[in-house]
Structures are given as C-alpha cells and as structure tokens.
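The next block holds one structure in the form of structure tokens; read it before the comments.
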Amino acid sequence: MLEKPRVFVTRKVDEAAIALLETVAAVEVWLDYKAPSKVEMLSKAQDVDAILANTEDRIDEDVLAVSNGRLKVVANMAVGFDNLDVITATRLGIAMSNTPGVLTKTTAELGFALMMAVSRQIVTGDRDVRDGKWQHWHPSAYLGVDLAGSTLSVIGMGKIGFEFAKRAKAFEMRVLYHNRSPRKDIGEGFEYCEKLETALEQADFLCITTPLTKETHHFIGKAQLSLMKPAAILINIARGAVVDNIALFEALKEGRIAGAGLDVTEPEPIPADHPLLTLANVVITPHIGSASQRTRRDMAVLAAQNIKARLSGEPMPSCVNPEAMTRKTQREKGEEFASHALDAELDEEV
Ligand code: DGY
C-alpha cells in the first residue's frame, strides 16, 4: 500500500486547516509556541512532502534540500513570502504559495488603527490615565492631527494599499500613491505619483504597504525621510526592513518627522533596548496585521488548500512560483526513471 504523503505544520493553526490536510496526508503539528529552531526544522523537513510554514520560519536552501527530493510544496501562511527561498524552490521543482486576499482588509484595518493611535496620541493618553498622570483637562493637552483634510501617500498600491486608501477616502483624506505603475482599476480619487519623492513631500501621513524584495530593502531611509514634512506620520504595515529603522529613529528624535506607527520592525521582535522604544511618538504592535480570528483561520485554510491541491496534482489556488510545476522534483524524476526502466524491462519480456 502506498504511504500517505506527510505534512509538517510549523505552528498550531485552526482545526479546519488540519482537517483539510488530513483528507490527503498524515499531518504533524509543531505544538510549541516558539518556532522550531533551524536544527529542529531541518530534522522535521527531512521526511515530508509538504510544509505549512509561517512568516517567522526561514525556508532556505538547507530546508528545501534536506528531504532529498521528497518535498513538493511549501505553503506560507502569510501574503508576504520574503522568508521563502523561491528561486531555489523553483529550481528544485518545489511549489510555494502565499495567502493573498484573505487578510487584505484585516491588515488595512490594523494600519488604520495605528494611524489613528499615533495621530491622536491614544497610547500616550492611555498610559498617562493609568499612571495617574492625567490630572486636568486642558485646551492644549494631547493635541493631535485631523485625518480629514490631510494628505495620505500610500507606498505600494497593492491589495492592502488599496483597502487602506479606500478607508482614507471615507475619512475625507486626499490620497496619493506611489507604485511601479498607475493602477487603472481603482476608480477615481487616487492620485498617482510616478516619483516617490512627490509622494513623500506631500504626505501628512505615509503608509507603507510594499512587499520586501531586494529592491525595496531600506526603500525608506535617511534621504527619503528628509523629504518628508516635520509634521508627517509614517505607518509601516509591510515588512520592517522596507524602512531603515535607525534612520527613522534619528528622524523622529530630531523632529524631522512627527511620529510613526509600526506593525513590523527589523528585527522582529524588536529588542527591548532598541532606541525606537524610547520615543513617545512611536506606537509599535507585534506584527498583528492579519491577527483576527476569522482571518487567521482563512489564512490557514488557504495554505492547506494549496498543499492539498499540490499533493493531489490539482492547480494550486495561490502558487507564487508556477514555473516550479513544470519542473519535476528530484524524487518524481527518480520515480519516472524507475518506471521507464520497468517499461523497458517489460518490453524486453514481450
Ligand atoms: C503577511 O501575511 O504577510 C502578514 O504580515 C503576516 O505575516
């Protein structure tokens, strides 16, 4: 009897996803809250056909190669996939997938929450109330910035950027965006800035939603921050490394920009002694853009659907390297070789 395919799930996820995987495979779930170490990951990946990975797991060449051709698919439970070595996977015929769509609105909502928290000093105010520091209502205390009438620049007008921009419109903001090319499918009211500089100079609020790639690493650094208004507020809901956080710290400290709301940092978690944590005008959340109950379930299920499809030889819903499918895994090549050899033997017999 053929052995069932094996799947390693690198963190406890919604039962619906596990149940789906169990229809086609034997499933092992990593139950520690802490991510598997590199050594643990290598040991688990040795003997599996699929991995359901998370954003903190580095699926590099070592992990991809350790199964010696058995691994067929890695499904990332995130829309971003900068933690996956897609180039090596494609070369080895290993399919990879992400979870677009299901987390778009949830992530945009978190970005909006950060924008409002920073612009209206919500976290500082809460802290002061708890610490008994708030003693008097005063006309000039805790003054913030109105969103209505302000200009927002979105950097990276993908799905999440667009959802963020739509919400900003509803709050009566002027919306600019910088993207590789103008988007023709988003209707009126969103102004394209071909030049990043224009988007930076005009922004009262800057929201970063561009994926992390080689090109966007430290995309916003000292030079870019120096173009922004002193009253501007930066929001990052993409990946920490899109912003040079040391340059950001200096710009905030010197009052060259007014505040920041970061759901992502470089590194993660941000060390407790990081200079950014000394600033009152910064709100940092622990990478919770997609962290709603419904969305995390939908992400896990979409990741499981990708694995199930690949293991069943069906089209994957959100494969990021379809070219991998035209390449056979080393094991598939081996099996094919064996079956040709068998055919040859049979030919000889008849
Ligand atoms: C994503 O989906 O990329 C989120 O940042 C969660 O990792």
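Residue numbering restarts at 1 in every chain; chains get A, B, ... in the order shown in the structure tokens, and ligands count up from 1 in that same order.
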
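Shell of region 291-303 of chain A at 7 Å, with only C-alpha atoms counted and residues fewer than 6 places along the chain excluded, is A:Val13, A:Asp14, A:Ala16, A:Ala17, A:Leu52, A:Ala75, A:Asn76, A:Met77, A:Asn98, A:Thr99, A:Val102, A:Leu103, A:Thr106.
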
Export, as a compact mmCIF listing (two decimals), in the first residue's frame, the selected residues with C-alpha atoms.
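Result file is selection-v4.txt:
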```txt
# COMPACT_ATOMS: atom_id res chain seq x y z
CA VAL A 13 -3.29 26.54 13.39
CA ASP A 14 -7.07 26.39 13.02
CA ALA A 16 -10.33 23.43 9.85
CA ALA A 17 -6.96 23.57 8.08
CA LEU A 52 2.80 24.65 6.14
CA ALA A 75 2.61 26.84 1.78
CA ASN A 76 3.33 30.07 3.64
CA MET A 77 0.60 31.28 5.96
CA ASN A 98 1.11 32.52 -0.03
CA THR A 99 -2.27 33.68 1.26
CA VAL A 102 -7.99 36.71 2.81
CA LEU A 103 -6.06 39.13 5.01
CA THR A 106 -7.82 42.96 8.26
```

TODO: All residues within 9 Å of ligand 1 are required, counting only C-alpha atoms and all ligand atoms; please report them as a ChimeraX atom specification.
DONE: /A:54-56,76-82,98-100,103-104,107,211,237-239,263-264,287-291,299

Next, the residues of the selection above should be written as an mmCIF file, in the first residue's frame with N, CA, C and O atoms.
```
data_model
loop_
_atom_site.group_PDB
_atom_site.id
_atom_site.type_symbol
_atom_site.label_atom_id
_atom_site.label_comp_id
_atom_site.auth_asym_id
_atom_site.auth_seq_id
_atom_site.Cartn_x
_atom_site.Cartn_y
_atom_site.Cartn_z
ATOM 1 N N ASN A 54 5.160 29.480 8.497
ATOM 2 C CA ASN A 54 4.744 30.805 8.944
ATOM 3 C C ASN A 54 5.828 31.817 8.638
ATOM 4 O O ASN A 54 6.960 31.452 8.323
ATOM 5 N N THR A 55 5.465 33.074 8.830
ATOM 6 C CA THR A 55 6.346 34.159 8.421
ATOM 7 C C THR A 55 7.693 34.156 9.181
ATOM 8 O O THR A 55 8.702 34.612 8.666
ATOM 9 N N GLU A 56 7.720 33.575 10.380
ATOM 10 C CA GLU A 56 8.964 33.545 11.159
ATOM 11 C C GLU A 56 9.871 32.376 10.742
ATOM 12 O O GLU A 56 11.029 32.319 11.155
ATOM 13 N N ASN A 76 3.071 29.070 2.607
ATOM 14 C CA ASN A 76 3.328 30.068 3.644
ATOM 15 C C ASN A 76 2.009 30.634 4.121
ATOM 16 O O ASN A 76 1.152 30.984 3.300
ATOM 17 N N MET A 77 1.846 30.712 5.425
ATOM 18 C CA MET A 77 0.602 31.277 5.958
ATOM 19 C C MET A 77 0.788 32.780 6.148
ATOM 20 O O MET A 77 0.805 33.302 7.254
ATOM 21 N N ALA A 78 0.964 33.464 5.037
ATOM 22 C CA ALA A 78 1.189 34.914 5.014
ATOM 23 C C ALA A 78 1.102 35.349 3.558
ATOM 24 O O ALA A 78 1.363 34.540 2.662
ATOM 25 N N VAL A 79 0.777 36.598 3.357
ATOM 26 C CA VAL A 79 0.787 37.078 1.973
ATOM 27 C C VAL A 79 2.226 37.389 1.553
ATOM 28 O O VAL A 79 2.626 37.138 0.413
ATOM 29 N N GLY A 80 3.020 37.928 2.492
ATOM 30 C CA GLY A 80 4.431 38.181 2.195
ATOM 31 C C GLY A 80 5.184 36.861 2.212
ATOM 32 O O GLY A 80 4.854 35.970 2.986
ATOM 33 N N PHE A 81 6.175 36.733 1.350
ATOM 34 C CA PHE A 81 6.915 35.458 1.351
ATOM 35 C C PHE A 81 8.423 35.685 1.246
ATOM 36 O O PHE A 81 9.153 34.903 0.647
ATOM 37 N N ASP A 82 8.873 36.771 1.862
ATOM 38 C CA ASP A 82 10.308 37.061 1.869
ATOM 39 C C ASP A 82 11.073 36.066 2.740
ATOM 40 O O ASP A 82 12.301 36.050 2.706
ATOM 41 N N ASN A 98 1.364 31.543 -1.105
ATOM 42 C CA ASN A 98 1.112 32.521 -0.031
ATOM 43 C C ASN A 98 -0.403 32.615 0.186
ATOM 44 O O ASN A 98 -1.153 31.788 -0.349
ATOM 45 N N THR A 99 -0.836 33.601 0.966
ATOM 46 C CA THR A 99 -2.273 33.683 1.258
ATOM 47 C C THR A 99 -2.830 35.075 0.909
ATOM 48 O O THR A 99 -3.232 35.837 1.800
ATOM 49 N N PRO A 100 -2.857 35.405 -0.373
ATOM 50 C CA PRO A 100 -3.364 36.730 -0.744
ATOM 51 C C PRO A 100 -4.882 36.812 -0.573
ATOM 52 O O PRO A 100 -5.574 35.802 -0.584
ATOM 53 N N LEU A 103 -6.466 38.285 3.893
ATOM 54 C CA LEU A 103 -6.057 39.134 5.012
ATOM 55 C C LEU A 103 -6.021 40.617 4.663
ATOM 56 O O LEU A 103 -5.607 41.451 5.462
ATOM 57 N N THR A 104 -6.469 40.940 3.454
ATOM 58 C CA THR A 104 -6.294 42.303 2.946
ATOM 59 C C THR A 104 -6.965 43.345 3.849
ATOM 60 O O THR A 104 -6.334 44.315 4.290
ATOM 61 N N THR A 107 -5.605 43.605 7.520
ATOM 62 C CA THR A 107 -4.316 44.301 7.627
ATOM 63 C C THR A 107 -4.496 45.811 7.434
ATOM 64 O O THR A 107 -3.891 46.620 8.149
ATOM 65 N N PRO A 211 5.729 45.037 -0.693
ATOM 66 C CA PRO A 211 6.418 43.833 -0.208
ATOM 67 C C PRO A 211 7.924 44.054 -0.064
ATOM 68 O O PRO A 211 8.482 44.942 -0.707
ATOM 69 N N ILE A 237 3.061 48.797 7.625
ATOM 70 C CA ILE A 237 2.352 47.523 7.852
ATOM 71 C C ILE A 237 2.842 46.480 6.849
ATOM 72 O O ILE A 237 2.159 45.497 6.598
ATOM 73 N N ALA A 238 4.022 46.717 6.265
ATOM 74 C CA ALA A 238 4.549 45.810 5.236
ATOM 75 C C ALA A 238 5.562 44.851 5.864
ATOM 76 O O ALA A 238 5.188 43.823 6.430
ATOM 77 N N ARG A 239 6.823 45.203 5.791
ATOM 78 C CA ARG A 239 7.885 44.455 6.457
ATOM 79 C C ARG A 239 8.853 45.467 7.045
ATOM 80 O O ARG A 239 9.112 46.517 6.429
ATOM 81 N N ASP A 263 3.789 48.184 12.629
ATOM 82 C CA ASP A 263 3.369 46.819 12.986
ATOM 83 C C ASP A 263 4.508 45.839 12.731
ATOM 84 O O ASP A 263 4.441 44.685 13.135
ATOM 85 N N VAL A 264 5.521 46.327 12.037
ATOM 86 C CA VAL A 264 6.646 45.468 11.646
ATOM 87 C C VAL A 264 7.943 46.219 11.899
ATOM 88 O O VAL A 264 7.994 47.436 11.748
ATOM 89 N N HIS A 287 3.496 42.741 15.015
ATOM 90 C CA HIS A 287 3.201 42.103 13.721
ATOM 91 C C HIS A 287 1.828 41.394 13.758
ATOM 92 O O HIS A 287 1.741 40.169 13.589
ATOM 93 N N ILE A 288 0.798 42.212 13.985
ATOM 94 C CA ILE A 288 -0.553 41.645 14.139
ATOM 95 C C ILE A 288 -1.498 42.085 13.017
ATOM 96 O O ILE A 288 -2.723 42.050 13.179
ATOM 97 N N GLY A 289 -0.902 42.496 11.880
ATOM 98 C CA GLY A 289 -1.736 42.983 10.773
ATOM 99 C C GLY A 289 -2.871 42.039 10.410
ATOM 100 O O GLY A 289 -4.000 42.458 10.180
ATOM 101 N N SER A 290 -2.561 40.756 10.373
ATOM 102 C CA SER A 290 -3.589 39.797 9.926
ATOM 103 C C SER A 290 -4.247 39.072 11.106
ATOM 104 O O SER A 290 -4.964 38.096 10.916
ATOM 105 N N ALA A 291 -3.998 39.593 12.323
ATOM 106 C CA ALA A 291 -4.400 38.818 13.504
ATOM 107 C C ALA A 291 -5.848 39.054 13.942
ATOM 108 O O ALA A 291 -6.110 39.624 14.992
ATOM 109 N N MET A 299 -6.529 32.148 6.526
ATOM 110 C CA MET A 299 -5.142 32.006 6.035
ATOM 111 C C MET A 299 -4.685 30.551 6.136
ATOM 112 O O MET A 299 -4.085 30.001 5.214
#
```

Open item on the list: Please return, as a VMD selection string, all residues of region 8-141 of chain A that DSSP assigns to strand (DSSP E or B) on the basis of the backbone.
Closed with: chain A and resid 8 to 9 26 to 29 50 to 53 59 73 to 76 84 95 to 97

TODO: Give me the residues within 12 Å of Leu277 (chain A) as a list in words, counting only C-alpha atoms and dropping any in the same chain fewer than 3 places off.
DONE: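 Contacts, with the query itself left out: Asn245, Ile246, Leu248, Phe249, Leu252, Lys253, Ala260, Gly261, Leu262, Thr265, Pro269, Ile270, Pro271, Ala272, Asp273, His274, Ala280, Asn281, Val282, Val283, Ile284 and Thr285 of chain A.
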
Would you mind exporting N, CA and C atoms of the selected residues as a JSON list (two decimals), in the first residue's frame?
```json
[["chain", "number", "residue", "atom", "x", "y", "z"],
["A", 245, "ASN", "N", 15.29, 51.49, 10.09],
["A", 245, "ASN", "CA", 14.76, 51.90, 11.39],
["A", 245, "ASN", "C", 15.69, 52.80, 12.18],
["A", 246, "ILE", "N", 16.98, 52.75, 11.88],
["A", 246, "ILE", "CA", 17.90, 53.66, 12.57],
["A", 246, "ILE", "C", 17.71, 55.07, 12.01],
["A", 248, "LEU", "N", 15.01, 56.09, 10.74],
["A", 248, "LEU", "CA", 13.69, 56.50, 11.24],
["A", 248, "LEU", "C", 13.81, 57.05, 12.66],
["A", 249, "PHE", "N", 14.56, 56.33, 13.49],
["A", 249, "PHE", "CA", 14.75, 56.78, 14.87],
["A", 249, "PHE", "C", 15.35, 58.20, 14.88],
["A", 252, "LEU", "N", 12.86, 60.85, 13.81],
["A", 252, "LEU", "CA", 11.84, 61.10, 14.84],
["A", 252, "LEU", "C", 12.43, 61.88, 16.01],
["A", 253, "LYS", "N", 13.63, 61.49, 16.40],
["A", 253, "LYS", "CA", 14.27, 62.11, 17.56],
["A", 253, "LYS", "C", 14.57, 63.58, 17.29],
["A", 260, "ALA", "N", 5.42, 57.76, 14.30],
["A", 260, "ALA", "CA", 5.40, 56.53, 13.49],
["A", 260, "ALA", "C", 4.54, 55.48, 14.18],
["A", 261, "GLY", "N", 3.88, 54.70, 13.34],
["A", 261, "GLY", "CA", 3.12, 53.54, 13.82],
["A", 261, "GLY", "C", 3.63, 52.33, 13.06],
["A", 262, "LEU", "N", 4.20, 51.39, 13.80],
["A", 262, "LEU", "CA", 4.88, 50.27, 13.12],
["A", 262, "LEU", "C", 4.29, 48.95, 13.58],
["A", 265, "THR", "N", 8.96, 45.49, 12.30],
["A", 265, "THR", "CA", 10.25, 46.13, 12.59],
["A", 265, "THR", "C", 11.37, 45.23, 12.08],
["A", 269, "PRO", "N", 11.35, 39.86, 17.09],
["A", 269, "PRO", "CA", 10.81, 41.01, 17.81],
["A", 269, "PRO", "C", 11.89, 42.09, 17.96],
["A", 270, "ILE", "N", 11.42, 43.32, 18.09],
["A", 270, "ILE", "CA", 12.36, 44.42, 18.28],
["A", 270, "ILE", "C", 12.98, 44.28, 19.68],
["A", 271, "PRO", "N", 14.31, 44.37, 19.81],
["A", 271, "PRO", "CA", 14.91, 44.21, 21.14],
["A", 271, "PRO", "C", 14.41, 45.27, 22.12],
["A", 272, "ALA", "N", 14.28, 44.88, 23.37],
["A", 272, "ALA", "CA", 13.71, 45.78, 24.39],
["A", 272, "ALA", "C", 14.53, 47.06, 24.54],
["A", 273, "ASP", "N", 15.83, 47.01, 24.17],
["A", 273, "ASP", "CA", 16.64, 48.22, 24.32],
["A", 273, "ASP", "C", 16.80, 48.99, 22.99],
["A", 274, "HIS", "N", 15.94, 48.69, 22.03],
["A", 274, "HIS", "CA", 16.04, 49.40, 20.74],
["A", 274, "HIS", "C", 15.68, 50.88, 20.95],
["A", 280, "ALA", "N", 8.23, 58.54, 22.63],
["A", 280, "ALA", "CA", 6.79, 58.54, 22.96],
["A", 280, "ALA", "C", 5.93, 58.66, 21.69],
["A", 281, "ASN", "N", 6.51, 59.21, 20.64],
["A", 281, "ASN", "CA", 5.70, 59.43, 19.43],
["A", 281, "ASN", "C", 5.72, 58.23, 18.48],
["A", 282, "VAL", "N", 6.02, 57.05, 19.03],
["A", 282, "VAL", "CA", 6.02, 55.83, 18.21],
["A", 282, "VAL", "C", 5.11, 54.80, 18.87],
["A", 283, "VAL", "N", 4.26, 54.20, 18.06],
["A", 283, "VAL", "CA", 3.43, 53.08, 18.55],
["A", 283, "VAL", "C", 3.88, 51.84, 17.79],
["A", 284, "ILE", "N", 4.20, 50.79, 18.52],
["A", 284, "ILE", "CA", 4.66, 49.55, 17.86],
["A", 284, "ILE", "C", 3.78, 48.39, 18.30],
["A", 285, "THR", "N", 3.28, 47.67, 17.31],
["A", 285, "THR", "CA", 2.48, 46.47, 17.60],
["A", 285, "THR", "C", 3.26, 45.23, 17.13]]
```

Open item on the list: Please list as a PyMOL selection string every residue within 9 Å of Cys319 (chain A), counting only C-alpha atoms and excluding residues in the same chain fewer than 2 positions away.
Closed with: chain A and resi 75+95-98+306+315-317+321-322

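Per DSSP on the backbone, alpha helix (DSSP H) in region 47-112 of chain A comprises Glu61, Asp62, Val63, Leu64, Ala65, Val86, Ile87, Thr88, Ala89, Thr90, Arg91, Leu92, Thr104, Lys105, Thr106, Thr107, Ala108, Glu109, Leu110, Gly111 and Phe112 of chain A.
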